[in-house]
Amino acid sequence: MFHTKIAGLGYYVPERIVPNSELENLMDTTDAWIQERTGIQERRYGKLHQETTTTMGARAAEIAIERAGIQKEDIDFIIFATLSPDYFFPGCGVLLQREMKITAQEMPALDVRNQCSGFIYGLSIADQFIKTGKYKNILLVGSEMQSMGLDYSTRGRNVSVIFGDGAGAVVLQPSLEENSGILSTHLHADGTYAEELAFINPGCHGGYHLGLERFGYTDQEYGGIFLTEKMWQEQDIFPNMNGQLVFKTAVTKFPEVIHEALKANDLKSSDISLLIPHQANLRISQFVQRQLGLKDEQVWNNIQRYGNTTAASVPIALTEAWEAGKVNKGDLVCLAAFGSGFTWGSALIRW
Ligand code: UT7
């Protein structure tokens, strides 16, 4: 069996910086509230009509590919994680393939729909394919253009102030070096709270999960299901979140899944060189840090500058930490994420 190593990594964030003060002009919120509850000072928003989840993913991928020392044509599998795809279908994987002008290679492209833990799910999928020798250069991308689909009125403030745009990517390759690369990945899900952090409408659910009343279905048979007049009039067409439930569950599941990974490898939290938590909320990351007894320099936080970039947050943070010289040969790097679904996971990597 091969080991899976990260051969190259890159990130891209759009130029436009949106400080909290800009959101104060759109909704009833304050810089003080946002910073105190989340740690976020600013986020990036992509350029309208010119940037998308796909194009940002491609920019991050180009950097990762160059650092891996391969040509884009060498990529033999594309995995794309996002909750803000350009289209309902097809997925961003094929759009990225076209954007990067590598359609002639006809490599497979898979979209992962696991929100905040999408990158770790993608990493686990890639790991299985590399270990068995099926693929040799997997491109894994996490990218989000969330600014396109947020509610900028006061009603959506608990969600909209948190999210930002950006992309991160890695190239994964097989290695024969013992005790190096991805040591293990650990994935979980609990669909009980699926709607507690969700983007429900428009959609094909037809009211099955939450009851018909809320959505204003008429006796029309087909054609009026995906987007109803009521959904539109009430602007019930944005992401919604039960922040407190998500917060409480996250602070339990993050440490749990990290300990699971450590135990599986006979390691302790003191063995971790660097923790890269999904950047959901600075308070969540600080809580996890305390639970694991890690020092400030052992945890990478950048939510202050980018907000929560969902599937992109782990690869952006990992790349930034690597660029800052915080990830070196032999280091034990722990990735962990929790989010909508609920889904969560961790990965341990011996660099
Ligand atoms: O990456 C995916 C996973 N997502 C997360 O991990 C998010 C986890 N949850 C959180 O980070 C926090 O729950 C939030 C930051 C979203 C919210 O913080 P909170 O301390 O849980 O606030 P809350 O939802 O309990 O709301 C407290 C008050 C409410 O007002 P009242 O009812 O007390 O009058 C909210 O309406 O804060 C109000 N509020 C705001 N005020 C100003 C909610 N959002 C805002 C806002 N600005 N942006």
# chains A, B, ... in the order shown; residues from 1 in each chain; ligands from 1

call {"tool": "residues_around", "arguments": {"residues": "Ala324 of chain A", "least_positions_apart": "5", "cutoff": "12 Å", "atoms": "only C-alpha atoms", "output": "PyMOL selection string"}}
result
chain A and resi 297+300+317-319

call {"tool": "write_last_selection", "arguments": {"atoms": "C-alpha atoms", "output": "compact mmCIF listing (two decimals), in the first residue's frame"}}
result
# COMPACT_ATOMS: atom_id res chain seq x y z
CA GLU A 297 1.35 28.86 18.27
CA TRP A 300 -3.71 28.32 13.09
CA ALA A 317 -5.41 27.87 6.61
CA LEU A 318 -3.13 24.91 5.88
CA THR A 319 -1.51 26.71 2.95

call {"tool": "residues_near_ligand", "arguments": {"ligand": "ligand 1", "cutoff": "8 Å", "atoms": "only C-alpha atoms and all ligand atoms", "output": "PyMOL selection string"}}
result
chain A and resi 28-30+33-34+37-38+115-116+154+156-162+197+241-248+250+278-281+283-284+308-310+338-340

call {"tool": "select_by_dssp", "arguments": {"residues": "segment 62-185 of chain A", "states": "helix (DSSP H, G or I)", "output": "count of residues only"}}
result
49

call {"tool": "select_by_dssp", "arguments": {"residues": "segment 21-217 of chain A", "states": "strand (DSSP E or B)", "output": "JSON, numbers by chain"}}
result
{"A": [42, 43, 44, 45, 77, 78, 79, 80, 81, 109, 110, 111, 112, 138, 139, 140, 141, 142, 143, 144, 163, 166, 167, 168, 169, 170, 171, 172, 173, 174, 175, 181, 182, 183, 184, 185, 186, 187, 188, 189, 197, 198]}

call {"tool": "residues_around", "arguments": {"residues": "Asn201 of chain A", "least_positions_apart": "2", "cutoff": "8 Å", "atoms": "only C-alpha atoms", "output": "number ranges by chain"}}
result
A: 199, 203, 226-227, 231, 236-238

call {"tool": "write_last_selection", "arguments": {"atoms": "N, CA and C atoms", "output": "mmCIF file, in the first residue's frame"}}
result
data_model
loop_
_atom_site.group_PDB
_atom_site.id
_atom_site.type_symbol
_atom_site.label_atom_id
_atom_site.label_comp_id
_atom_site.auth_asym_id
_atom_site.auth_seq_id
_atom_site.Cartn_x
_atom_site.Cartn_y
_atom_site.Cartn_z
ATOM 1 N N PHE A 199 -29.528 25.387 3.608
ATOM 2 C CA PHE A 199 -30.023 26.258 2.536
ATOM 3 C C PHE A 199 -31.112 25.425 1.861
ATOM 4 N N GLY A 203 -35.735 24.270 -3.796
ATOM 5 C CA GLY A 203 -35.308 22.892 -3.670
ATOM 6 C C GLY A 203 -36.388 21.917 -4.099
ATOM 7 N N PHE A 226 -40.425 23.738 -6.869
ATOM 8 C CA PHE A 226 -39.023 24.111 -6.634
ATOM 9 C C PHE A 226 -38.902 25.479 -5.965
ATOM 10 N N LEU A 227 -39.668 26.435 -6.483
ATOM 11 C CA LEU A 227 -39.680 27.788 -5.912
ATOM 12 C C LEU A 227 -41.117 28.272 -5.930
ATOM 13 N N MET A 231 -42.301 31.284 -0.908
ATOM 14 C CA MET A 231 -40.852 31.300 -0.643
ATOM 15 C C MET A 231 -40.258 32.628 -1.106
ATOM 16 N N ASP A 236 -37.774 33.384 1.779
ATOM 17 C CA ASP A 236 -37.326 32.170 2.465
ATOM 18 C C ASP A 236 -36.397 31.406 1.513
ATOM 19 N N ILE A 237 -35.382 32.096 1.042
ATOM 20 C CA ILE A 237 -34.509 31.543 -0.004
ATOM 21 C C ILE A 237 -33.042 31.749 0.335
ATOM 22 N N PHE A 238 -32.760 31.752 1.652
ATOM 23 C CA PHE A 238 -31.379 31.977 2.090
ATOM 24 C C PHE A 238 -30.965 30.911 3.101
#

call {"tool": "residues_around", "arguments": {"residues": "Ser124 of chain A", "least_positions_apart": "6", "cutoff": "10 Å", "atoms": "only C-alpha atoms", "output": "list in words"}}
result
Thr4, Gly118, Ile130, Ile182, Ser184, Thr185, His186, Leu187, Gly345, Ser346 and Ala347 of chain A

call {"tool": "closest_residue", "arguments": {"among": "A:Gln41, A:Asn265, A:Gln50, A:Thr218", "to": "Ile17 of chain A", "atoms": "only C-alpha atoms"}}
result
A:Gln41

call {"tool": "closest_residue", "arguments": {"among": "A:Asn20, A:Met148, A:Leu123, A:Gly164", "to": "Gln35 of chain A", "atoms": "only C-alpha atoms"}}
result
A:Asn20

call {"tool": "closest_atom_pairs", "arguments": {"of": "segment 18-67 of chain A", "to": "segment 95-110 of chain A", "cutoff": "10 Å", "atoms": "only C-alpha atoms", "output": "tab-separated table"}}
result
residue	atom	partner	partner_atom	distance
A:Thr53	CA	A:Leu96	CA	9.1
A:Thr54	CA	A:Leu96	CA	5.4
A:Thr55	CA	A:Glu99	CA	6.9
A:Met56	CA	A:Leu96	CA	9.3
A:Gly57	CA	A:Leu96	CA	7.2
A:Ala58	CA	A:Leu96	CA	6.0
A:Arg59	CA	A:Met100	CA	8.9
A:Ala61	CA	A:Met100	CA	8.9
A:Glu62	CA	A:Met100	CA	8.3

call {"tool": "atom_distance", "arguments": {"atom1": "atom CA of Asn302 of chain A", "atom2": "atom CA of Ser84 of chain A"}}
result
20.6 Å

call {"tool": "residues_around", "arguments": {"residues": "Arg290 of chain A", "least_positions_apart": "5", "cutoff": "12 Å", "atoms": "only C-alpha atoms", "output": "number ranges by chain"}}
result
A: 251, 254-255, 269, 283-285, 295-296, 298-299

call {"tool": "write_last_selection", "arguments": {"atoms": "C-alpha atoms", "output": "CSV table (one decimal), in the first residue's frame"}}
result
chain,number,residue,atom,x,y,z
A,251,VAL,CA,-17.4,22.2,20.7
A,254,PHE,CA,-14.3,18.8,17.4
A,255,PRO,CA,-12.3,17.5,20.4
A,269,SER,CA,-2.6,15.8,21.9
A,283,ARG,CA,-14.4,31.1,20.1
A,284,ILE,CA,-14.9,27.5,18.9
A,285,SER,CA,-11.3,27.2,17.9
A,295,LYS,CA,-0.4,26.6,22.9
A,296,ASP,CA,-1.4,29.6,20.7
A,298,GLN,CA,0.0,25.3,17.8
A,299,VAL,CA,-3.3,26.4,16.3

call {"tool": "closest_residue", "arguments": {"among": "A:Trp232, A:Phe119, A:Trp322, A:Trp351", "to": "Ala337 of chain A", "atoms": "only C-alpha atoms"}}
result
A:Phe119

call {"tool": "closest_residue", "arguments": {"among": "A:Ile63, A:Phe215, A:Leu294, A:Arg155", "to": "Ile200 of chain A", "atoms": "only C-alpha atoms"}}
result
A:Phe215

call {"tool": "closest_residue", "arguments": {"among": "A:Gln233, A:Gln146, A:Thr132, A:Gln291", "to": "His259 of chain A", "atoms": "only C-alpha atoms"}}
result
A:Gln291

call {"tool": "residues_around", "arguments": {"residues": "Arg16 of chain A", "least_positions_apart": "4", "cutoff": "7 Å", "atoms": "only C-alpha atoms", "output": "PyMOL selection string"}}
result
chain A and resi 44-46

call {"tool": "write_last_selection", "arguments": {"atoms": "C-alpha atoms", "output": "PDB file, in the first residue's frame"}}
result
ATOM      1  CA  ARG A  44     -13.325  38.708   1.181  1.00  0.00           C
ATOM      2  CA  TYR A  45     -16.029  38.876  -1.485  1.00  0.00           C
ATOM      3  CA  GLY A  46     -15.452  37.699  -5.039  1.00  0.00           C
TER       4      GLY A  46
END
